[in-house]
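Text of target.cif, listed as mmCIF, C-alpha atoms:
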data_my_file
#
loop_
_atom_site.group_PDB
_atom_site.id
_atom_site.type_symbol
_atom_site.label_atom_id
_atom_site.label_comp_id
_atom_site.auth_asym_id
_atom_site.auth_seq_id
_atom_site.Cartn_x
_atom_site.Cartn_y
_atom_site.Cartn_z
ATOM 1 C CA MET A 19 -4.747 139.586 -59.946
ATOM 2 C CA VAL A 20 -4.271 136.962 -57.194
ATOM 3 C CA ASP A 21 -2.939 138.454 -53.929
ATOM 4 C CA LYS A 22 -0.428 136.827 -51.599
ATOM 5 C CA SER A 23 -3.149 135.616 -49.246
ATOM 6 C CA GLU A 24 -4.950 133.780 -52.049
ATOM 7 C CA LYS A 25 -1.699 132.183 -53.246
ATOM 8 C CA PHE A 26 -0.997 131.059 -49.691
ATOM 9 C CA ASN A 27 -4.509 129.648 -49.461
ATOM 10 C CA TRP A 28 -4.094 127.561 -52.609
ATOM 11 C CA LEU A 29 -0.637 126.323 -51.630
ATOM 12 C CA VAL A 30 -1.983 125.054 -48.311
ATOM 13 C CA ARG A 31 -4.902 123.335 -50.056
ATOM 14 C CA ILE A 32 -2.489 121.632 -52.457
ATOM 15 C CA GLY A 33 -0.591 120.568 -49.350
ATOM 16 C CA TYR A 34 -3.665 118.932 -47.861
ATOM 17 C CA PHE A 35 -4.399 117.266 -51.210
ATOM 18 C CA SER A 36 -0.854 115.884 -51.297
ATOM 19 C CA ARG A 37 -1.191 114.668 -47.741
ATOM 20 C CA ALA A 38 -4.419 112.942 -48.776
ATOM 21 C CA ILE A 39 -2.618 111.065 -51.566
ATOM 22 C CA PHE A 40 0.221 109.960 -49.307
ATOM 23 C CA TYR A 41 -1.851 108.718 -46.380
ATOM 24 C CA THR A 42 -4.443 107.024 -48.577
ATOM 25 C CA VAL A 43 -1.748 105.089 -50.423
ATOM 26 C CA LEU A 44 0.037 104.338 -47.143
ATOM 27 C CA GLY A 45 -3.136 102.910 -45.607
ATOM 28 C CA LEU A 46 -3.982 100.861 -48.694
ATOM 29 C CA ILE A 47 -0.477 99.414 -48.924
ATOM 30 C CA ALA A 48 -0.479 98.541 -45.227
ATOM 31 C CA LEU A 49 -3.777 96.683 -45.670
ATOM 32 C CA THR A 50 -2.995 94.912 -48.945
ATOM 33 C CA SER A 51 0.747 94.557 -49.531
ATOM 34 C CA ALA A 52 3.016 93.194 -46.807
ATOM 35 C CA GLY A 53 6.010 93.344 -49.145
ATOM 36 C CA LYS A 54 5.689 97.005 -49.997
ATOM 37 C CA ILE A 55 4.890 98.148 -46.457
ATOM 38 C CA GLY A 56 8.045 96.322 -45.408
ATOM 39 C CA GLU A 57 9.949 98.869 -47.523
ATOM 40 C CA GLY A 58 8.611 101.645 -45.306
ATOM 41 C CA THR A 59 8.152 105.100 -46.833
ATOM 42 C CA ASN A 60 9.936 104.070 -50.035
ATOM 43 C CA GLY A 61 7.284 101.416 -50.593
ATOM 44 C CA VAL A 62 4.641 104.142 -50.681
ATOM 45 C CA PHE A 63 6.510 106.299 -53.178
ATOM 46 C CA ARG A 64 7.460 103.291 -55.301
ATOM 47 C CA ALA A 65 3.757 102.362 -55.505
ATOM 48 C CA ILE A 66 2.852 105.919 -56.507
ATOM 49 C CA ASP A 67 5.628 105.924 -59.113
ATOM 50 C CA GLU A 68 4.011 102.846 -60.679
ATOM 51 C CA PHE A 69 0.667 104.649 -61.111
ATOM 52 C CA PRO A 70 -0.274 106.060 -64.538
ATOM 53 C CA ALA A 71 1.330 109.528 -64.590
ATOM 54 C CA GLY A 72 3.136 108.523 -61.414
ATOM 55 C CA THR A 73 5.992 110.980 -61.921
ATOM 56 C CA VAL A 74 3.505 113.849 -62.243
ATOM 57 C CA ILE A 75 1.825 112.755 -59.013
ATOM 58 C CA LEU A 76 5.208 112.612 -57.294
ATOM 59 C CA TRP A 77 5.971 116.200 -58.332
ATOM 60 C CA ILE A 78 2.573 117.278 -56.978
ATOM 61 C CA LEU A 79 3.573 115.612 -53.716
ATOM 62 C CA VAL A 80 6.929 117.413 -53.699
ATOM 63 C CA ILE A 81 5.230 120.805 -54.056
ATOM 64 C CA GLY A 82 2.278 120.031 -51.825
ATOM 65 C CA LEU A 83 4.122 118.391 -48.953
ATOM 66 C CA THR A 84 6.687 121.212 -48.965
ATOM 67 C CA ALA A 85 3.879 123.767 -48.866
ATOM 68 C CA TYR A 86 2.207 121.931 -45.995
ATOM 69 C CA ALA A 87 5.497 121.761 -44.080
ATOM 70 C CA LEU A 88 6.001 125.524 -44.525
ATOM 71 C CA PHE A 89 2.440 126.095 -43.296
ATOM 72 C CA ARG A 90 3.293 124.150 -40.125
ATOM 73 C CA PHE A 91 6.557 126.042 -39.655
ATOM 74 C CA ALA A 92 4.621 129.310 -39.999
ATOM 75 C CA SER A 93 2.370 128.096 -37.187
ATOM 76 C CA LEU A 94 5.434 127.389 -35.032
ATOM 77 C CA PHE A 95 7.333 130.617 -35.640
ATOM 78 C CA PHE A 96 4.567 133.151 -36.363
ATOM 79 C CA ASP A 97 1.550 131.578 -34.596
ATOM 80 C CA ILE A 98 -0.673 132.130 -37.636
ATOM 81 C CA GLU A 99 -3.349 129.897 -36.080
ATOM 82 C CA ASN A 100 -3.436 131.845 -32.822
ATOM 83 C CA ASN A 101 -2.460 129.085 -30.417
ATOM 84 C CA GLY A 102 -0.879 131.650 -28.115
ATOM 85 C CA SER A 103 2.411 131.921 -26.267
ATOM 86 C CA ASP A 104 1.523 130.222 -22.992
ATOM 87 C CA LYS A 105 2.736 126.694 -22.194
ATOM 88 C CA LYS A 106 -0.214 125.043 -23.924
ATOM 89 C CA GLY A 107 0.130 127.269 -26.972
ATOM 90 C CA TRP A 108 3.850 126.631 -27.306
ATOM 91 C CA ALA A 109 3.308 122.888 -26.921
ATOM 92 C CA LYS A 110 0.913 122.958 -29.873
ATOM 93 C CA ARG A 111 3.288 125.089 -31.911
ATOM 94 C CA VAL A 112 6.223 122.781 -31.200
ATOM 95 C CA GLY A 113 4.016 119.890 -32.279
ATOM 96 C CA HIS A 114 3.312 121.716 -35.534
ATOM 97 C CA GLY A 115 7.042 122.161 -35.981
ATOM 98 C CA GLY A 116 7.552 118.414 -35.606
ATOM 99 C CA SER A 117 4.841 117.818 -38.183
ATOM 100 C CA GLY A 118 6.570 120.285 -40.503
ATOM 101 C CA ILE A 119 9.868 118.422 -40.225
ATOM 102 C CA GLY A 120 8.149 115.091 -40.901
ATOM 103 C CA HIS A 121 6.351 116.337 -43.996
ATOM 104 C CA LEU A 122 9.446 118.110 -45.313
ATOM 105 C CA ALA A 123 11.259 114.769 -45.085
ATOM 106 C CA LEU A 124 8.402 113.180 -47.045
ATOM 107 C CA ALA A 125 8.670 115.904 -49.688
ATOM 108 C CA TYR A 126 12.382 115.180 -50.065
ATOM 109 C CA SER A 127 11.715 111.448 -50.448
ATOM 110 C CA ALA A 128 9.107 112.188 -53.115
ATOM 111 C CA TYR A 129 11.663 114.427 -54.853
ATOM 112 C CA GLN A 130 14.191 111.593 -54.896
ATOM 113 C CA PHE A 131 11.714 109.280 -56.598
ATOM 114 C CA ALA A 132 10.525 111.964 -59.016
ATOM 115 C CA THR A 133 14.060 112.661 -60.212
ATOM 116 C CA THR A 134 15.537 109.152 -60.270
ATOM 117 C CA ALA A 135 12.889 107.069 -62.067
ATOM 118 C CA GLY A 136 11.833 105.197 -58.956
ATOM 119 C CA THR A 137 15.326 104.110 -57.897
ATOM 120 C CA PRO A 138 16.645 106.756 -55.473
ATOM 121 C CA SER A 139 20.148 106.377 -54.143
ATOM 122 C CA GLY A 140 20.496 105.243 -50.558
ATOM 123 C CA SER A 141 18.177 102.246 -50.818
ATOM 124 C CA GLY A 142 15.596 103.738 -48.515
ATOM 125 C CA ASP A 143 17.865 104.667 -45.609
ATOM 126 C CA GLY A 144 17.837 108.438 -46.131
ATOM 127 C CA ALA A 145 16.443 109.125 -42.681
ATOM 128 C CA GLN A 146 19.105 106.965 -41.072
ATOM 129 C CA GLU A 147 21.850 108.688 -43.090
ATOM 130 C CA ALA A 148 20.566 112.105 -42.046
ATOM 131 C CA ALA A 149 20.394 111.013 -38.407
ATOM 132 C CA SER A 150 23.940 109.629 -38.638
ATOM 133 C CA GLY A 151 25.105 112.989 -39.944
ATOM 134 C CA VAL A 152 23.439 114.796 -37.049
ATOM 135 C CA LEU A 153 24.962 112.405 -34.514
ATOM 136 C CA SER A 154 28.426 113.006 -35.948
ATOM 137 C CA VAL A 155 28.450 116.683 -34.949
ATOM 138 C CA SER A 156 28.806 118.212 -31.521
ATOM 139 C CA LEU A 157 25.553 118.035 -29.507
ATOM 140 C CA GLY A 158 23.964 116.090 -32.387
ATOM 141 C CA GLY A 159 22.514 113.548 -29.975
ATOM 142 C CA ILE A 160 20.751 116.316 -28.078
ATOM 143 C CA VAL A 161 19.306 117.674 -31.327
ATOM 144 C CA LEU A 162 17.907 114.261 -32.283
ATOM 145 C CA GLY A 163 16.599 113.678 -28.790
ATOM 146 C CA LEU A 164 14.824 117.039 -28.720
ATOM 147 C CA LEU A 165 13.372 116.296 -32.153
ATOM 148 C CA GLY A 166 12.105 113.032 -30.713
ATOM 149 C CA ILE A 167 10.451 114.927 -27.875
ATOM 150 C CA ALA A 168 8.815 117.232 -30.447
ATOM 151 C CA PHE A 169 7.336 114.202 -32.204
ATOM 152 C CA LEU A 170 6.157 112.743 -28.890
ATOM 153 C CA VAL A 171 4.453 116.049 -28.091
ATOM 154 C CA THR A 172 2.882 115.959 -31.547
ATOM 155 C CA ALA A 173 1.619 112.431 -30.856
ATOM 156 C CA ILE A 174 -0.056 113.565 -27.634
ATOM 157 C CA PHE A 175 -1.893 116.321 -29.473
ATOM 158 C CA GLN A 176 -2.922 113.876 -32.205
ATOM 159 C CA PHE A 177 -4.618 111.718 -29.566
ATOM 160 C CA LYS A 178 -6.159 114.794 -27.943
ATOM 161 C CA LYS A 179 -7.605 115.925 -31.277
ATOM 162 C CA ALA A 180 -8.978 112.447 -31.905
ATOM 163 C CA TYR A 181 -10.735 112.422 -28.520
ATOM 164 C CA THR A 182 -12.042 115.985 -28.338
ATOM 165 C CA GLY A 183 -12.717 116.683 -32.013
ATOM 166 C CA GLU A 184 -11.253 120.158 -31.530
ATOM 167 C CA PHE A 185 -10.042 120.122 -35.131
ATOM 168 C CA MET A 186 -13.626 120.678 -36.279
ATOM 169 C CA HIS A 187 -13.608 124.362 -35.349
ATOM 170 C CA ARG A 188 -11.114 124.992 -38.166
ATOM 171 C CA ILE A 189 -13.297 123.232 -40.742
ATOM 172 C CA SER A 190 -16.177 124.845 -42.632
ATOM 173 C CA SER A 191 -19.691 123.905 -41.529
ATOM 174 C CA ARG A 192 -20.286 122.842 -45.124
ATOM 175 C CA ALA A 193 -17.992 119.810 -44.699
ATOM 176 C CA PRO A 194 -19.576 116.313 -44.895
ATOM 177 C CA ASP A 195 -21.193 114.940 -41.725
ATOM 178 C CA ALA A 196 -18.664 112.088 -41.543
ATOM 179 C CA THR A 197 -15.728 114.506 -41.164
ATOM 180 C CA ARG A 198 -15.641 114.186 -37.356
ATOM 181 C CA VAL A 199 -15.423 110.387 -37.510
ATOM 182 C CA LEU A 200 -12.827 110.400 -40.296
ATOM 183 C CA GLY A 201 -10.672 112.901 -38.441
ATOM 184 C CA GLY A 202 -10.989 111.165 -35.080
ATOM 185 C CA ALA A 203 -9.898 107.793 -36.472
ATOM 186 C CA GLY A 204 -7.145 109.381 -38.543
ATOM 187 C CA PHE A 205 -5.632 111.454 -35.754
ATOM 188 C CA ALA A 206 -5.636 108.445 -33.405
ATOM 189 C CA ALA A 207 -3.776 106.337 -35.984
ATOM 190 C CA ARG A 208 -1.315 109.117 -36.688
ATOM 191 C CA GLY A 209 -0.743 109.500 -32.963
ATOM 192 C CA VAL A 210 0.443 105.896 -32.808
ATOM 193 C CA VAL A 211 2.786 106.437 -35.762
ATOM 194 C CA TYR A 212 4.212 109.642 -34.285
ATOM 195 C CA LEU A 213 4.838 107.850 -30.990
ATOM 196 C CA VAL A 214 6.959 105.279 -32.814
ATOM 197 C CA ILE A 215 8.883 107.986 -34.697
ATOM 198 C CA GLY A 216 9.388 110.095 -31.583
ATOM 199 C CA TRP A 217 10.597 107.158 -29.524
ATOM 200 C CA SER A 218 13.031 106.101 -32.264
ATOM 201 C CA LEU A 219 14.530 109.607 -32.342
ATOM 202 C CA PHE A 220 14.622 109.800 -28.543
ATOM 203 C CA GLN A 221 16.467 106.486 -28.376
ATOM 204 C CA ALA A 222 18.940 107.511 -31.068
ATOM 205 C CA GLY A 223 19.619 110.865 -29.417
ATOM 206 C CA PHE A 224 19.559 110.185 -25.688
ATOM 207 C CA MET A 225 20.010 106.417 -25.315
ATOM 208 C CA SER A 226 22.849 105.800 -27.812
ATOM 209 C CA GLN A 227 20.804 103.328 -29.853
ATOM 210 C CA GLY A 228 22.323 104.533 -33.134
ATOM 211 C CA SER A 229 20.884 106.095 -36.261
ATOM 212 C CA ASP A 230 19.690 102.748 -37.658
ATOM 213 C CA GLU A 231 16.729 102.898 -35.278
ATOM 214 C CA VAL A 232 15.410 106.204 -36.659
ATOM 215 C CA LYS A 233 12.085 105.736 -38.456
ATOM 216 C CA THR A 234 10.124 107.707 -41.043
ATOM 217 C CA ILE A 235 6.318 107.550 -41.227
ATOM 218 C CA GLY A 236 6.318 104.527 -43.528
ATOM 219 C CA ASP A 237 9.012 102.786 -41.475
ATOM 220 C CA ALA A 238 6.987 103.357 -38.305
ATOM 221 C CA VAL A 239 3.925 101.720 -39.865
ATOM 222 C CA ALA A 240 6.036 98.802 -41.115
ATOM 223 C CA SER A 241 7.411 98.304 -37.594
ATOM 224 C CA LEU A 242 3.850 97.679 -36.351
ATOM 225 C CA ALA A 243 3.283 94.841 -38.835
ATOM 226 C CA GLY A 244 3.763 92.162 -36.169
ATOM 227 C CA THR A 245 1.186 93.621 -33.784
ATOM 228 C CA GLY A 246 -1.816 92.059 -35.515
ATOM 229 C CA PHE A 247 -5.034 93.864 -34.607
ATOM 230 C CA ILE A 248 -3.239 97.093 -33.684
ATOM 231 C CA PHE A 249 -1.543 97.191 -37.076
ATOM 232 C CA THR A 250 -4.872 96.685 -38.870
ATOM 233 C CA LEU A 251 -6.548 99.459 -36.873
ATOM 234 C CA VAL A 252 -3.657 101.852 -37.550
ATOM 235 C CA ALA A 253 -3.714 101.001 -41.274
ATOM 236 C CA ILE A 254 -7.458 101.638 -41.490
ATOM 237 C CA GLY A 255 -7.031 104.849 -39.501
ATOM 238 C CA LEU A 256 -4.330 106.110 -41.866
ATOM 239 C CA LEU A 257 -6.541 105.340 -44.864
ATOM 240 C CA LEU A 258 -9.360 107.312 -43.227
ATOM 241 C CA PHE A 259 -6.898 110.114 -42.455
ATOM 242 C CA GLY A 260 -6.129 110.290 -46.160
ATOM 243 C CA ILE A 261 -9.827 110.699 -46.922
ATOM 244 C CA PHE A 262 -10.078 113.255 -44.111
ATOM 245 C CA SER A 263 -7.179 115.212 -45.628
ATOM 246 C CA LEU A 264 -9.041 115.280 -48.936
ATOM 247 C CA VAL A 265 -11.991 116.857 -47.118
ATOM 248 C CA LEU A 266 -9.612 119.411 -45.591
ATOM 249 C CA ALA A 267 -8.250 120.288 -49.028
ATOM 250 C CA ARG A 268 -11.710 121.669 -49.773
ATOM 251 C CA TYR A 269 -13.164 122.699 -46.416
ATOM 252 C CA ARG A 270 -10.238 123.628 -44.130
ATOM 253 C CA ILE A 271 -10.456 127.216 -42.874
ATOM 254 C CA ILE A 272 -7.108 128.758 -43.838
ATOM 255 C CA PRO A 273 -5.690 131.740 -41.893
ATOM 256 C CA ASP A 274 -5.651 134.952 -43.923
ATOM 257 C CA MET A 275 -2.148 136.261 -44.502
ATOM 258 C CA SER A 276 -0.993 139.781 -45.266
ATOM 259 C CA SER A 277 2.418 141.198 -46.122
ATOM 260 C CA GLY A 278 2.827 141.952 -42.422
ATOM 261 C CA GLY A 279 2.213 138.415 -41.219
ATOM 262 C CA LYS A 280 -0.819 136.844 -39.625
ATOM 263 C CA ILE A 281 -4.308 138.250 -39.358
ATOM 264 C CA PRO A 282 -6.241 136.988 -36.313
ATOM 265 C CA SER A 283 -9.394 136.201 -38.282
ATOM 266 C CA PHE A 284 -10.292 133.057 -40.229
ATOM 267 C CA ARG A 285 -12.367 132.706 -43.338
ATOM 268 C CA ALA A 286 -14.467 129.802 -44.514
#

I need this file expressed as structure tokens, please.
Amino acid sequence: MVDKSEKFNWLVRIGYFSRAIFYTVLGLIALTSAGKIGEGTNGVFRAIDEFPAGTVILWILVIGLTAYALFRFASLFFDIENNGSDKKGWAKRVGHGGSGIGHLALAYSAYQFATTAGTPSGSGDGAQEAASGVLSVSLGGIVLGLLGIAFLVTAIFQFKKAYTGEFMHRISSRAPDATRVLGGAGFAARGVVYLVIGWSLFQAGFMSQGSDEVKTIGDAVASLAGTGFIFTLVAIGLLLFGIFSLVLARYRIIPDMSSGGKIPSFRA
């Protein structure tokens, strides 16, 4: 009989596998298809939908990206990765929360494509519609602005991970030798993307720029298309991050979980 900890372990690994699919496709599209990357996140899911068994892959993404988002929320609220409750620890946990929100949004987009035969309603502006809804309520601008700050904090930690390689201590020693390079390039690229997303939310929330400026991950990459060399480096980095996520699906050290919450040890 599989216990709760083992189920949690497998759900997280499916999450990393799903993340691998998304970022690999995102990087490939950015490098090879200007038209599709111009569609932002929808271009990625439309490309996946066109794969053989594309709908099945989309449902895997729905489950996996949701599982990964919940894993990140568990890190925020229950500190299952032992980041601590000091300022540095809370900054990391808030960053994980921002990552959770981003991947939950991706899971919802994948769900839309999986259930509507590749033609979701809203024509790709789901993030903008959601942001408009938030702005329409009392203190909605503050909520969006704070979410933007969370993404900016996440971006800072992405760059820090890329530079220090601190992510390696949560990866089994049996992982391939290239893991450090793959992760470093991937986290740096994702840091750039999260900066764009965070700034778009900050502008919408605190600078009255409107919900139309809010960007998802794919939209953020598309917005870099005119930057030439920077865009190419980010695209390559995202492709490498997809490969890195595939390594994590196998070699990431997942926190043990019990019915009472976290356990401070890790297992390879």

*Taking the file as shown, what set of residues would the PyMOL selection byres ((chain A and resi 66) around 12) give back, as a PyMOL selection string?*
chain A and resi 36+39-44+46-47+54+59-65+67-79+128+131-132+135-136

Write a file of the selected residues as a PDB file, keeping the file's coordinate frame, keeping C-alpha atoms.
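Saved as selection38.pdb:
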ATOM      1  CA  SER A  36      -0.854 115.884 -51.297  1.00  0.00           C
ATOM      2  CA  ILE A  39      -2.618 111.065 -51.566  1.00  0.00           C
ATOM      3  CA  PHE A  40       0.221 109.960 -49.307  1.00  0.00           C
ATOM      4  CA  TYR A  41      -1.851 108.718 -46.380  1.00  0.00           C
ATOM      5  CA  THR A  42      -4.443 107.024 -48.577  1.00  0.00           C
ATOM      6  CA  VAL A  43      -1.748 105.089 -50.423  1.00  0.00           C
ATOM      7  CA  LEU A  44       0.037 104.338 -47.143  1.00  0.00           C
ATOM      8  CA  LEU A  46      -3.982 100.861 -48.694  1.00  0.00           C
ATOM      9  CA  ILE A  47      -0.477  99.414 -48.924  1.00  0.00           C
ATOM     10  CA  LYS A  54       5.689  97.005 -49.997  1.00  0.00           C
ATOM     11  CA  THR A  59       8.152 105.100 -46.833  1.00  0.00           C
ATOM     12  CA  ASN A  60       9.936 104.070 -50.035  1.00  0.00           C
ATOM     13  CA  GLY A  61       7.284 101.416 -50.593  1.00  0.00           C
ATOM     14  CA  VAL A  62       4.641 104.142 -50.681  1.00  0.00           C
ATOM     15  CA  PHE A  63       6.510 106.299 -53.178  1.00  0.00           C
ATOM     16  CA  ARG A  64       7.460 103.291 -55.301  1.00  0.00           C
ATOM     17  CA  ALA A  65       3.757 102.362 -55.505  1.00  0.00           C
ATOM     18  CA  ASP A  67       5.628 105.924 -59.113  1.00  0.00           C
ATOM     19  CA  GLU A  68       4.011 102.846 -60.679  1.00  0.00           C
ATOM     20  CA  PHE A  69       0.667 104.649 -61.111  1.00  0.00           C
ATOM     21  CA  PRO A  70      -0.274 106.060 -64.538  1.00  0.00           C
ATOM     22  CA  ALA A  71       1.330 109.528 -64.590  1.00  0.00           C
ATOM     23  CA  GLY A  72       3.136 108.523 -61.414  1.00  0.00           C
ATOM     24  CA  THR A  73       5.992 110.980 -61.921  1.00  0.00           C
ATOM     25  CA  VAL A  74       3.505 113.849 -62.243  1.00  0.00           C
ATOM     26  CA  ILE A  75       1.825 112.755 -59.013  1.00  0.00           C
ATOM     27  CA  LEU A  76       5.208 112.612 -57.294  1.00  0.00           C
ATOM     28  CA  TRP A  77       5.971 116.200 -58.332  1.00  0.00           C
ATOM     29  CA  ILE A  78       2.573 117.278 -56.978  1.00  0.00           C
ATOM     30  CA  LEU A  79       3.573 115.612 -53.716  1.00  0.00           C
ATOM     31  CA  ALA A 128       9.107 112.188 -53.115  1.00  0.00           C
ATOM     32  CA  PHE A 131      11.714 109.280 -56.598  1.00  0.00           C
ATOM     33  CA  ALA A 132      10.525 111.964 -59.016  1.00  0.00           C
ATOM     34  CA  ALA A 135      12.889 107.069 -62.067  1.00  0.00           C
ATOM     35  CA  GLY A 136      11.833 105.197 -58.956  1.00  0.00           C
TER      36      GLY A 136
END

_A:Ile189, A:Leu124, A:Ile160, A:Ala168 ranked by distance to Pro273 of chain A, top pick (using all atoms listed in the file)_ = A:Ile189

*Taking into account all atoms listed in the file, which residue in the set A:Tyr86, A:Ala48, A:Thr172, A:Tyr129 is nearest to Ala109 of chain A?*
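For Ala109 of chain A, the nearest of the given residues is A:Thr172.
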
_Can you translate the PyMOL selection byres ((chain A and resi 249) around 12) into the concrete residues it hits in this file, as a PyMOL selection string?_
chain A and resi 45+48-49+52+55+207-208+210-211+238-248+250-256

_Selection result for the PyMOL selection byres ((chain A and resi 190) around 6) on this file, as a PyMOL selection string_ = chain A and resi 189+191-193+269+286

*Which of A:Phe91, A:Ile98, A:Val80, A:Arg270 sits closest to His187 of chain A [using only C-alpha atoms]*: A:Arg270

*Out of A:Arg31, A:Arg90, A:Arg198, A:Lys178, which residue has the shortest atom-to-atom distance to Ser117 of chain A when counting only C-alpha atoms?*
A:Arg90

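Picture a line from atom CA of Thr84 of chain A to atom CA of Gly33 of chain A; it runs 7.3 Å.
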
*Please provide as a PyMOL selection string all residues within 10 Å of Ile261 of chain A, with the sequence filter that same-chain residues fewer than 2 positions apart are discarded (counting all atoms listed in the file).*
chain A and resi 35+37-39+41-42+197+200-201+204+255-259+263-267

*asked:* Let me make sure I understand: among A:Gly115, A:Gly216, A:Gly58, A:Gly202, which one has the smallest atom-to-atom distance to Ser127 of chain A if we use only C-alpha atoms?
replied: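 Closest to Ser127 of chain A, using only C-alpha atoms: A:Gly58.
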
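Put simply, atom CA of Gly120 of chain A is 25.4 Å away from atom CA of Glu24 of chain A.
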
With 5 Å of padding per side, what axis-aligned box (centre and edge lengths, Å, one decimal) covers all the listed atoms of segment 258-272 of chain A? Give it as JSON.
{"center_x": -9.6, "center_y": 118.0, "center_z": -46.1, "size_x": 17.0, "size_y": 31.4, "size_z": 17.3}
